[in-house]
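Chemist: As input, take start-v7.csv (CSV, C-alpha atoms):
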```
chain,number,residue,atom,x,y,z
F,17,MET,CA,-39.8,90.1,38.3
F,18,VAL,CA,-36.4,91.7,38.1
F,19,THR,CA,-36.2,95.0,40.0
F,20,THR,CA,-33.6,97.6,39.0
F,21,GLN,CA,-33.0,101.1,40.0
F,22,ARG,CA,-32.4,103.6,37.2
F,23,HIS,CA,-31.1,107.0,38.0
F,24,PRO,CA,-31.7,109.9,35.7
F,25,ALA,CA,-28.7,111.4,33.9
F,26,ARG,CA,-26.9,114.0,36.0
F,27,SER,CA,-25.5,117.3,34.9
F,28,GLY,CA,-21.8,117.5,34.2
F,29,ARG,CA,-19.4,115.5,32.1
F,30,ASN,CA,-20.0,112.1,33.6
F,31,GLY,CA,-23.8,112.4,33.7
F,32,GLU,CA,-24.0,112.9,29.9
F,33,GLY,CA,-23.5,109.2,29.1
F,34,SER,CA,-22.5,108.6,25.6
F,35,ALA,CA,-24.0,111.9,24.2
F,36,GLY,CA,-21.7,113.3,21.6
F,37,GLY,CA,-19.5,110.1,21.6
F,38,ARG,CA,-17.7,111.1,24.8
F,39,LYS,CA,-16.8,108.6,27.4
F,40,TYR,CA,-18.1,108.8,30.9
F,41,ASP,CA,-17.2,107.5,34.4
F,42,ALA,CA,-19.7,105.1,36.1
F,43,LEU,CA,-20.3,103.2,39.3
F,44,TYR,CA,-21.7,99.7,39.8
F,45,ALA,CA,-23.5,98.9,43.1
F,46,ARG,CA,-25.2,95.6,44.2
F,47,TYR,CA,-26.5,93.9,47.3
F,48,SER,CA,-27.8,90.4,47.8
F,49,SER,CA,-30.0,91.0,50.9
F,50,HIS,CA,-30.1,93.5,53.8
F,51,ALA,CA,-29.0,90.7,56.2
F,52,GLN,CA,-25.8,89.8,54.3
F,53,ASP,CA,-24.1,93.0,53.3
F,54,ASP,CA,-23.1,94.5,56.7
F,55,GLY,CA,-24.4,98.0,56.2
F,56,THR,CA,-23.0,98.4,52.6
F,57,SER,CA,-26.3,99.5,51.3
F,58,ILE,CA,-26.8,101.0,47.9
F,59,ALA,CA,-26.7,104.5,49.3
F,60,VAL,CA,-23.4,103.8,51.1
F,61,GLN,CA,-21.9,102.4,47.9
F,62,ILE,CA,-23.0,105.3,45.8
F,63,GLU,CA,-21.7,107.9,48.4
F,64,SER,CA,-18.3,106.2,48.7
F,65,CYS,CA,-17.8,105.8,44.9
F,66,GLU,CA,-18.8,109.4,44.1
F,67,ARG,CA,-16.7,110.7,47.0
F,68,ALA,CA,-13.7,108.8,45.6
F,69,ALA,CA,-14.3,110.1,42.1
F,70,GLY,CA,-15.0,113.7,43.3
F,71,ARG,CA,-17.9,114.1,41.0
F,72,PRO,CA,-21.3,112.5,40.1
F,73,LEU,CA,-21.2,109.2,38.3
F,74,LYS,CA,-23.6,107.3,36.0
F,75,HIS,CA,-25.3,104.6,38.0
F,76,PHE,CA,-25.6,100.9,37.3
F,77,ILE,CA,-27.5,99.2,40.2
F,78,ASP,CA,-28.7,95.7,40.8
F,79,GLN,CA,-30.8,95.3,43.9
F,80,ALA,CA,-31.3,91.9,45.7
F,81,LYS,CA,-29.2,90.0,43.2
F,82,THR,CA,-26.7,87.3,44.1
F,83,GLY,CA,-23.1,87.8,43.2
F,84,ARG,CA,-22.5,84.1,42.4
F,85,THR,CA,-23.6,84.5,38.8
F,86,THR,CA,-24.1,87.2,36.2
F,87,GLY,CA,-27.5,85.7,35.3
F,88,GLY,CA,-30.4,88.0,36.2
F,89,ARG,CA,-28.3,91.0,36.8
F,90,THR,CA,-29.7,93.3,34.2
F,91,GLU,CA,-27.7,96.4,35.1
F,92,LEU,CA,-24.4,94.5,35.1
F,93,LEU,CA,-25.2,93.2,31.6
F,94,ARG,CA,-26.2,96.7,30.5
F,95,LEU,CA,-22.9,97.9,31.9
F,96,MET,CA,-20.9,95.3,29.9
F,97,GLU,CA,-22.8,96.4,26.7
F,98,GLU,CA,-21.8,100.0,27.4
F,99,ALA,CA,-18.2,99.0,28.0
F,100,GLU,CA,-18.0,96.9,24.8
F,101,ALA,CA,-19.3,100.0,22.9
F,102,GLY,CA,-16.4,102.0,24.3
F,103,ARG,CA,-18.5,104.4,26.2
F,104,ILE,CA,-17.1,103.9,29.7
F,105,ASN,CA,-13.8,105.4,30.8
F,106,LYS,CA,-13.6,104.4,34.5
F,107,LEU,CA,-15.7,102.2,36.7
F,108,TYR,CA,-15.9,102.6,40.4
F,109,VAL,CA,-17.1,99.9,42.8
F,110,TYR,CA,-17.3,99.8,46.6
F,111,LYS,CA,-15.6,96.4,46.7
F,112,TYR,CA,-14.6,94.0,43.9
F,113,ASP,CA,-17.1,91.5,45.3
F,114,ARG,CA,-19.9,93.9,44.2
F,115,LEU,CA,-19.1,92.7,40.7
F,116,GLY,CA,-19.3,89.1,41.8
F,117,ARG,CA,-18.4,86.4,44.2
F,118,ALA,CA,-17.5,83.7,41.8
F,119,ALA,CA,-14.4,82.6,39.9
F,120,GLU,CA,-15.8,84.1,36.7
F,121,THR,CA,-15.5,87.6,38.2
F,122,HIS,CA,-11.7,87.6,37.3
F,123,VAL,CA,-12.7,87.2,33.7
F,124,LEU,CA,-15.4,89.8,33.9
F,125,VAL,CA,-12.9,92.4,35.2
F,126,GLU,CA,-10.4,91.4,32.6
F,127,ASP,CA,-13.0,91.9,29.9
F,128,LEU,CA,-13.8,95.4,31.2
F,129,GLU,CA,-10.1,96.3,31.1
F,130,GLN,CA,-9.7,94.9,27.6
F,131,HIS,CA,-12.5,97.3,26.5
F,132,GLY,CA,-10.4,100.2,28.0
F,133,VAL,CA,-12.3,100.5,31.3
F,134,GLU,CA,-10.2,101.2,34.4
F,135,VAL,CA,-11.8,99.3,37.3
F,136,VAL,CA,-11.4,101.0,40.7
F,137,SER,CA,-12.4,99.6,44.1
F,138,VAL,CA,-12.7,102.6,46.4
F,139,THR,CA,-11.9,100.5,49.5
F,140,GLU,CA,-9.3,98.1,48.0
F,141,GLY,CA,-7.4,100.1,45.4
F,142,THR,CA,-6.5,99.0,41.8
F,143,ASN,CA,-3.6,96.6,42.4
F,144,ALA,CA,-4.2,93.5,40.2
F,145,LEU,CA,-2.7,91.1,42.8
F,146,ALA,CA,-4.8,92.5,45.6
F,147,ARG,CA,-7.8,92.3,43.4
F,148,GLY,CA,-7.2,88.6,42.7
F,149,VAL,CA,-6.8,87.9,46.4
F,150,GLN,CA,-10.0,89.8,47.3
F,151,LEU,CA,-12.0,88.0,44.6
F,152,VAL,CA,-10.8,84.6,45.8
F,153,VAL,CA,-11.7,85.6,49.4
F,154,ALA,CA,-15.1,86.8,48.3
F,155,ALA,CA,-15.9,83.5,46.5
F,156,ASP,CA,-14.8,81.5,49.6
F,157,TYR,CA,-16.8,83.8,51.9
F,158,SER,CA,-19.9,83.1,49.8
F,159,ARG,CA,-19.4,79.4,50.0
F,160,VAL,CA,-18.8,79.5,53.8
F,161,LEU,CA,-21.8,81.8,54.4
F,162,ALA,CA,-24.1,79.4,52.6
F,163,GLU,CA,-22.8,76.5,54.7
F,164,ARG,CA,-23.1,78.4,57.9
F,165,THR,CA,-26.6,79.5,57.0
F,166,ARG,CA,-27.7,75.9,56.3
F,167,GLU,CA,-26.1,74.6,59.5
F,168,GLY,CA,-27.8,77.3,61.5
F,169,LEU,CA,-31.2,76.4,60.0
F,170,VAL,CA,-30.6,72.8,60.8
F,171,GLN,CA,-29.7,73.6,64.4
F,172,ARG,CA,-32.9,75.8,64.7
F,173,HIS,CA,-34.9,72.8,63.4
F,174,LYS,CA,-33.3,70.5,66.0
F,175,GLU,CA,-34.2,73.0,68.7
F,176,GLY,CA,-37.9,72.9,67.6
F,177,CYS,CA,-37.9,76.3,66.0
F,178,TRP,CA,-39.6,77.2,62.8
F,179,THR,CA,-37.1,77.7,59.9
F,180,GLY,CA,-39.2,80.0,57.8
F,181,GLY,CA,-42.0,80.0,55.2
F,182,PRO,CA,-45.7,79.6,55.7
F,183,PRO,CA,-46.7,76.7,58.1
F,184,PRO,CA,-48.6,73.7,56.8
F,185,TYR,CA,-52.4,73.8,57.0
F,186,GLY,CA,-53.5,73.1,60.6
F,187,TYR,CA,-50.6,75.0,62.2
F,188,ARG,CA,-49.6,78.5,63.0
F,189,ILE,CA,-46.4,80.2,64.1
F,190,VAL,CA,-46.2,81.5,67.7
F,191,GLN,CA,-43.4,83.4,69.6
F,192,THR,CA,-42.6,81.6,72.8
F,193,ALA,CA,-41.3,83.1,76.1
F,194,ASP,CA,-37.7,82.5,75.0
F,195,GLY,CA,-38.3,84.8,72.0
F,196,LYS,CA,-38.1,82.0,69.4
F,197,LYS,CA,-40.7,81.2,66.8
F,198,ARG,CA,-42.2,77.8,66.9
F,199,LEU,CA,-45.1,75.8,65.4
F,200,ALA,CA,-48.4,75.4,67.2
F,201,ILE,CA,-51.7,73.8,66.3
F,202,HIS,CA,-54.2,76.1,64.7
F,203,PRO,CA,-57.5,75.1,66.5
F,204,LYS,CA,-59.9,76.0,63.7
F,205,GLU,CA,-57.8,74.6,60.9
F,206,ALA,CA,-57.2,71.4,63.0
F,207,GLU,CA,-60.9,70.8,63.0
F,208,THR,CA,-60.9,70.9,59.2
F,209,VAL,CA,-58.0,68.5,59.1
F,210,ARG,CA,-59.9,66.0,61.2
F,211,PHE,CA,-63.0,66.5,59.1
F,212,VAL,CA,-60.9,65.7,55.9
F,213,PHE,CA,-59.6,62.4,57.4
F,214,GLN,CA,-63.0,61.4,58.8
F,215,THR,CA,-64.8,62.1,55.5
F,216,TYR,CA,-62.2,60.3,53.4
F,217,LEU,CA,-62.1,57.2,55.6
F,218,ALA,CA,-65.8,57.0,56.3
F,219,GLU,CA,-66.9,56.4,52.7
F,220,SER,CA,-65.5,55.2,49.4
F,221,ILE,CA,-65.1,58.6,47.8
F,222,GLY,CA,-62.4,60.4,46.0
F,223,LEU,CA,-60.3,63.5,46.9
F,224,LYS,CA,-62.5,65.8,44.7
F,225,GLU,CA,-65.6,64.8,46.6
F,226,VAL,CA,-63.9,65.5,49.9
F,227,ALA,CA,-62.9,68.9,48.6
F,228,ARG,CA,-66.5,69.6,47.6
F,229,ARG,CA,-67.7,68.7,51.0
F,230,VAL,CA,-65.2,71.0,52.7
F,231,ARG,CA,-66.3,73.8,50.4
F,232,GLU,CA,-69.9,73.2,51.4
F,233,ARG,CA,-68.9,73.8,55.0
F,234,GLY,CA,-67.8,77.3,54.0
F,235,VAL,CA,-64.3,76.8,55.2
F,236,PRO,CA,-61.8,79.2,53.5
F,237,THR,CA,-58.4,78.2,52.2
F,238,ARG,CA,-55.3,80.0,53.3
F,239,LEU,CA,-55.2,82.1,50.1
F,240,GLY,CA,-59.0,82.4,49.7
F,241,GLY,CA,-59.3,80.2,46.7
F,242,PRO,CA,-61.5,77.1,46.3
F,243,TRP,CA,-60.6,73.8,47.8
F,244,GLY,CA,-59.2,71.3,45.3
F,245,PHE,CA,-58.1,67.7,45.4
F,246,GLY,CA,-54.4,68.7,45.5
F,247,THR,CA,-54.9,70.6,48.8
F,248,ILE,CA,-56.8,67.6,50.2
F,249,ARG,CA,-54.0,65.2,49.2
F,250,SER,CA,-51.3,67.5,50.7
F,251,ILE,CA,-53.2,67.3,54.0
F,252,LEU,CA,-53.7,63.6,53.9
F,253,THR,CA,-50.0,62.9,53.3
F,254,ASN,CA,-48.5,65.5,55.7
F,255,ARG,CA,-46.6,63.5,58.3
F,256,MET,CA,-46.4,66.6,60.6
F,257,LEU,CA,-50.0,65.7,61.5
F,258,VAL,CA,-48.6,62.8,63.5
F,259,GLY,CA,-45.9,64.9,65.1
F,260,GLU,CA,-43.1,64.2,62.6
F,261,VAL,CA,-41.4,67.4,61.5
F,262,ARG,CA,-39.0,67.0,58.5
F,263,TYR,CA,-36.4,69.5,57.3
F,264,LEU,CA,-34.1,69.5,54.2
F,265,ARG,CA,-36.8,67.7,52.2
F,266,ARG,CA,-35.7,70.0,49.3
F,267,CYS,CA,-32.7,72.2,48.6
F,268,PHE,CA,-32.2,75.1,46.3
F,269,LYS,CA,-29.7,75.1,43.4
F,270,LEU,CA,-28.5,78.3,41.7
F,271,ASP,CA,-29.4,78.5,38.1
F,272,ARG,CA,-26.5,80.5,36.7
F,273,ALA,CA,-28.4,81.4,33.5
F,274,THR,CA,-31.2,83.3,35.3
F,275,GLY,CA,-29.7,84.0,38.8
F,276,HIS,CA,-32.7,82.3,40.4
F,277,ARG,CA,-32.6,79.6,43.1
F,278,VAL,CA,-34.5,76.6,41.8
F,279,PRO,CA,-35.9,74.0,44.3
F,280,ARG,CA,-34.9,70.4,44.1
F,281,TRP,CA,-36.3,67.5,46.1
F,282,THR,CA,-33.7,65.6,48.2
F,283,ASP,CA,-33.3,61.9,49.0
F,284,GLU,CA,-35.1,60.8,52.2
F,285,ASP,CA,-31.8,59.8,53.9
F,286,ARG,CA,-30.8,63.5,53.9
F,287,HIS,CA,-33.9,64.6,55.8
F,288,VAL,CA,-33.6,65.8,59.3
F,289,VAL,CA,-36.5,64.4,61.3
F,290,ASN,CA,-37.8,65.6,64.7
F,291,ARG,CA,-40.7,64.1,66.8
F,292,ASP,CA,-42.9,66.6,68.6
F,293,GLU,CA,-46.1,65.2,70.1
F,294,SER,CA,-47.4,68.7,70.8
F,295,LEU,CA,-48.0,69.0,67.1
F,296,ARG,CA,-50.0,65.8,66.7
F,297,ILE,CA,-53.5,66.3,65.2
F,298,ILE,CA,-54.1,62.7,63.9
F,299,ASP,CA,-53.3,59.4,65.5
F,300,ASP,CA,-51.0,57.0,63.8
F,301,GLU,CA,-53.7,54.4,63.0
F,302,THR,CA,-55.9,56.9,61.3
F,303,PHE,CA,-53.0,58.3,59.3
F,304,GLU,CA,-51.8,54.9,58.1
F,305,ARG,CA,-55.3,54.0,57.1
F,306,ALA,CA,-55.5,57.1,55.0
F,307,GLN,CA,-52.2,56.2,53.3
F,308,ALA,CA,-53.4,52.7,52.6
F,309,GLN,CA,-56.6,54.0,51.1
F,310,LEU,CA,-54.7,56.5,48.9
F,311,ALA,CA,-52.5,53.7,47.7
F,312,ALA,CA,-55.5,51.5,47.0
F,313,ASN,CA,-57.4,54.2,45.1
F,314,ARG,CA,-54.4,55.1,43.0
F,315,ILE,CA,-55.1,54.1,39.4
F,316,ASP,CA,-52.2,53.9,37.0
F,317,ARG,CA,-53.8,54.4,33.7
F,318,PRO,CA,-51.4,53.6,30.8
F,319,ARG,CA,-51.6,56.2,28.1
F,320,GLU,CA,-52.5,55.1,24.7
F,321,ALA,CA,-50.0,55.8,21.9
F,322,ALA,CA,-52.1,58.8,20.7
F,323,GLU,CA,-51.7,60.4,24.2
F,324,VAL,CA,-47.9,60.2,24.4
F,325,ARG,CA,-46.3,63.6,24.2
F,326,PRO,CA,-42.6,63.9,23.3
F,327,PHE,CA,-41.5,66.2,26.1
F,328,THR,CA,-43.3,64.5,29.0
F,329,ARG,CA,-41.1,64.7,32.2
F,330,HIS,CA,-38.3,66.4,30.2
F,331,LEU,CA,-39.3,70.1,30.4
F,332,PHE,CA,-38.9,72.1,33.6
F,333,CYS,CA,-39.3,75.8,34.5
F,334,ALA,CA,-36.0,77.7,34.7
F,335,GLY,CA,-37.6,80.1,37.2
F,336,CYS,CA,-39.1,77.8,39.8
F,337,GLY,CA,-38.1,74.3,38.8
F,338,GLY,CA,-41.7,73.2,38.3
F,339,VAL,CA,-42.8,70.7,35.7
F,340,TYR,CA,-44.0,72.0,32.3
F,341,TYR,CA,-47.4,70.7,31.3
F,342,THR,CA,-49.0,70.6,27.8
F,343,ARG,CA,-52.0,72.7,27.1
F,344,LYS,CA,-54.4,72.4,24.2
F,345,SER,CA,-55.9,75.3,22.4
F,346,SER,CA,-58.2,75.6,19.4
F,347,ASN,CA,-59.2,78.3,17.1
F,348,ALA,CA,-60.5,78.8,13.5
F,349,LYS,CA,-57.2,77.6,12.1
F,350,GLY,CA,-57.3,74.3,14.1
F,351,SER,CA,-55.9,72.8,17.3
F,352,TYR,CA,-52.4,73.1,18.7
F,353,ARG,CA,-50.5,72.3,21.9
F,354,TYR,CA,-48.1,74.4,23.9
F,355,TYR,CA,-46.1,73.9,27.1
F,356,ALA,CA,-46.2,76.1,30.2
F,357,CYS,CA,-45.1,76.0,33.9
F,358,GLY,CA,-47.9,74.3,36.0
F,359,ARG,CA,-47.0,76.3,39.1
F,360,ARG,CA,-47.1,79.7,37.4
F,361,GLN,CA,-50.4,78.9,35.7
F,362,SER,CA,-51.9,77.8,39.1
F,363,ALA,CA,-50.6,81.1,40.7
F,364,SER,CA,-52.2,83.2,37.9
F,365,ARG,CA,-55.5,81.5,38.4
F,366,ARG,CA,-55.4,82.2,42.2
F,367,ARG,CA,-54.8,85.9,41.4
```
Translate this file's structure into structure tokens.
Modeler:
Amino acid sequence: MVTTQRHPARSGRNGEGSAGGRKYDALYARYSSHAQDDGTSIAVQIESCERAAGRPLKHFIDQAKTGRTTGGRTELLRLMEEAEAGRINKLYVYKYDRLGRAAETHVLVEDLEQHGVEVVSVTEGTNALARGVQLVVAADYSRVLAERTREGLVQRHKEGCWTGGPPPYGYRIVQTADGKKRLAIHPKEAETVRFVFQTYLAESIGLKEVARRVRERGVPTRLGGPWGFGTIRSILTNRMLVGEVRYLRRCFKLDRATGHRVPRWTDEDRHVVNRDESLRIIDDETFERAQAQLAANRIDRPREAAEVRPFTRHLFCAGCGGVYYTRKSSNAKGSYRYYACGRRQSASRRR
């Protein structure tokens, strides 16, 4: 969901917007995250811009939006529409990098100026050469920040610290004496993990039957939903259960059309692997037996010609990167198929 902050129109010439066809002065404010903007909060940006203008301004504000693309920044796009309509006289920003931290920001500012908008940075002035330098510096800063963040997370992983996100089933996050967050075995969940392995290897049964037996034990899932074969498979294939902790199994790529970071699986040679015997729940022999049984039970059923769908493995969600699956629906007019994101449909069912 895109979250924007709309401020009501203020009294005075600049708060009237386009009423009566008159131009108004405006400000644009943005932050990526509280951890990255060094105190330049939305409130600080607004106060600085209105102090420089000497009067209230019309607000265009994007909260928690990356500056590496214009995609997903609804208020910036609305600002451009207002500028193209000739309604904005002067635009104030705290810094030019609030408009963006990418090479396209030069073009964006030039477009604003071509529409008669004077762009003013209240901390960097209006000089075109200085603006160009500042935008190049901002783009480089964004790149270096991403690299340093990734390197920092890799180092935390090598030190045995948890790098963020919910822990896998069977584990919990604890804060150790040195103040760092690390993984530890969750005793109750570890019992369920062992039950899953024992049940799967003791009889010739499938993952759905294992899930049913776990449900019969009254064991809740993390999110409170029912146990399914997908959850059972994720437990049986999790190598952390034998003390092998992997990092960089996936990376996130910025989708410039939407402004969202989309996950992508990485090649195994890029994974950073640590061994930590304190996290072992399952012995190596049991784990490998489970992998062999999963492989033996896997059935590759070739689809008949009537089942082939034209977009299989070709459609992916722009929001999360998940695979699109076909759905079939029927009504009085007949049957038809449509495609939808599998992850989002699963999330809606859990809610």
Chemist: Pick out the closest residue to Lys111 of chain F from this set: F:Ser48, F:Thr56, F:Thr90, F:Asn143. Count only C-alpha atoms.
Modeler: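 Going through F:Ser48, F:Thr56, F:Thr90, F:Asn143 one by one, the smallest distance to Lys111 of chain F is for F:Thr56.
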Chemist: Just want the 10 Å neighbourhood of Gly176 of chain F, counted on all atoms listed in the file, with same-chain residues fewer than 3 positions away dropped. Output as an NGL selection string.
Modeler: :F and (170-173 or 179 or 196-199 or 261 or 290-292)
Chemist: So that I have them on file, write out the residues from the current selection with C-alpha atoms, as an mmCIF file, in the frame of the given file.
Modeler:
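Below you can see selection.cif, which holds the result:
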```
data_model
loop_
_atom_site.group_PDB
_atom_site.id
_atom_site.type_symbol
_atom_site.label_atom_id
_atom_site.label_comp_id
_atom_site.auth_asym_id
_atom_site.auth_seq_id
_atom_site.Cartn_x
_atom_site.Cartn_y
_atom_site.Cartn_z
ATOM 1 C CA VAL F 170 -30.600 72.800 60.800
ATOM 2 C CA GLN F 171 -29.700 73.600 64.400
ATOM 3 C CA ARG F 172 -32.900 75.800 64.700
ATOM 4 C CA HIS F 173 -34.900 72.800 63.400
ATOM 5 C CA THR F 179 -37.100 77.700 59.900
ATOM 6 C CA LYS F 196 -38.100 82.000 69.400
ATOM 7 C CA LYS F 197 -40.700 81.200 66.800
ATOM 8 C CA ARG F 198 -42.200 77.800 66.900
ATOM 9 C CA LEU F 199 -45.100 75.800 65.400
ATOM 10 C CA VAL F 261 -41.400 67.400 61.500
ATOM 11 C CA ASN F 290 -37.800 65.600 64.700
ATOM 12 C CA ARG F 291 -40.700 64.100 66.800
ATOM 13 C CA ASP F 292 -42.900 66.600 68.600
#
```
Chemist: Would you work out the distance separating atom CA of Ile297 of chain F from atom CA of Met256 of chain F, expressed in Å to one decimal?
Modeler: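 Interatomic distance here is 8.5 Å.
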Chemist: Interatomic distance between atom CA of Tyr108 of chain F and atom CA of Tyr44 of chain F?
Modeler: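 These two atoms are separated by 6.5 Å.
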Chemist: Hey, which of F:Leu93, F:Arg159, F:Tyr340, F:Arg262 ends up closest to Trp178 of chain F? Count all atoms listed in the file.
Modeler: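 With all atoms listed in the file as the atom set, the closest residue is F:Arg262.
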Chemist: Report the distance between atom CA of Val226 of chain F and atom CA of Pro182 of chain F in Å, rounded to one decimal place.
Modeler: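 That distance, rounded to one decimal, is 23.7 Å.
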Chemist: Which residue, F:Gly181, F:Val109, F:Lys74, F:Glu163, has the smallest gap to Gly141 of chain F when you use only C-alpha atoms?
Modeler: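 Closest to Gly141 of chain F, using only C-alpha atoms: F:Val109.
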Chemist: Go through F:Phe211, F:Ala200, F:Arg228, F:Asp194 and flag the residue nearest Arg296 of chain F, using all atoms listed in the file for the distances.
Modeler: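 Closest to Arg296 of chain F of all the choices is F:Ala200.
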Chemist: Contacts of Ala101 of chain F at 12 Å or less, counting all atoms listed in the file, minus same-chain residues fewer than 3 places along, as a PyMOL selection string?
Modeler: chain F and resi 33-34+37-40+94-98+104-105+128+130-133
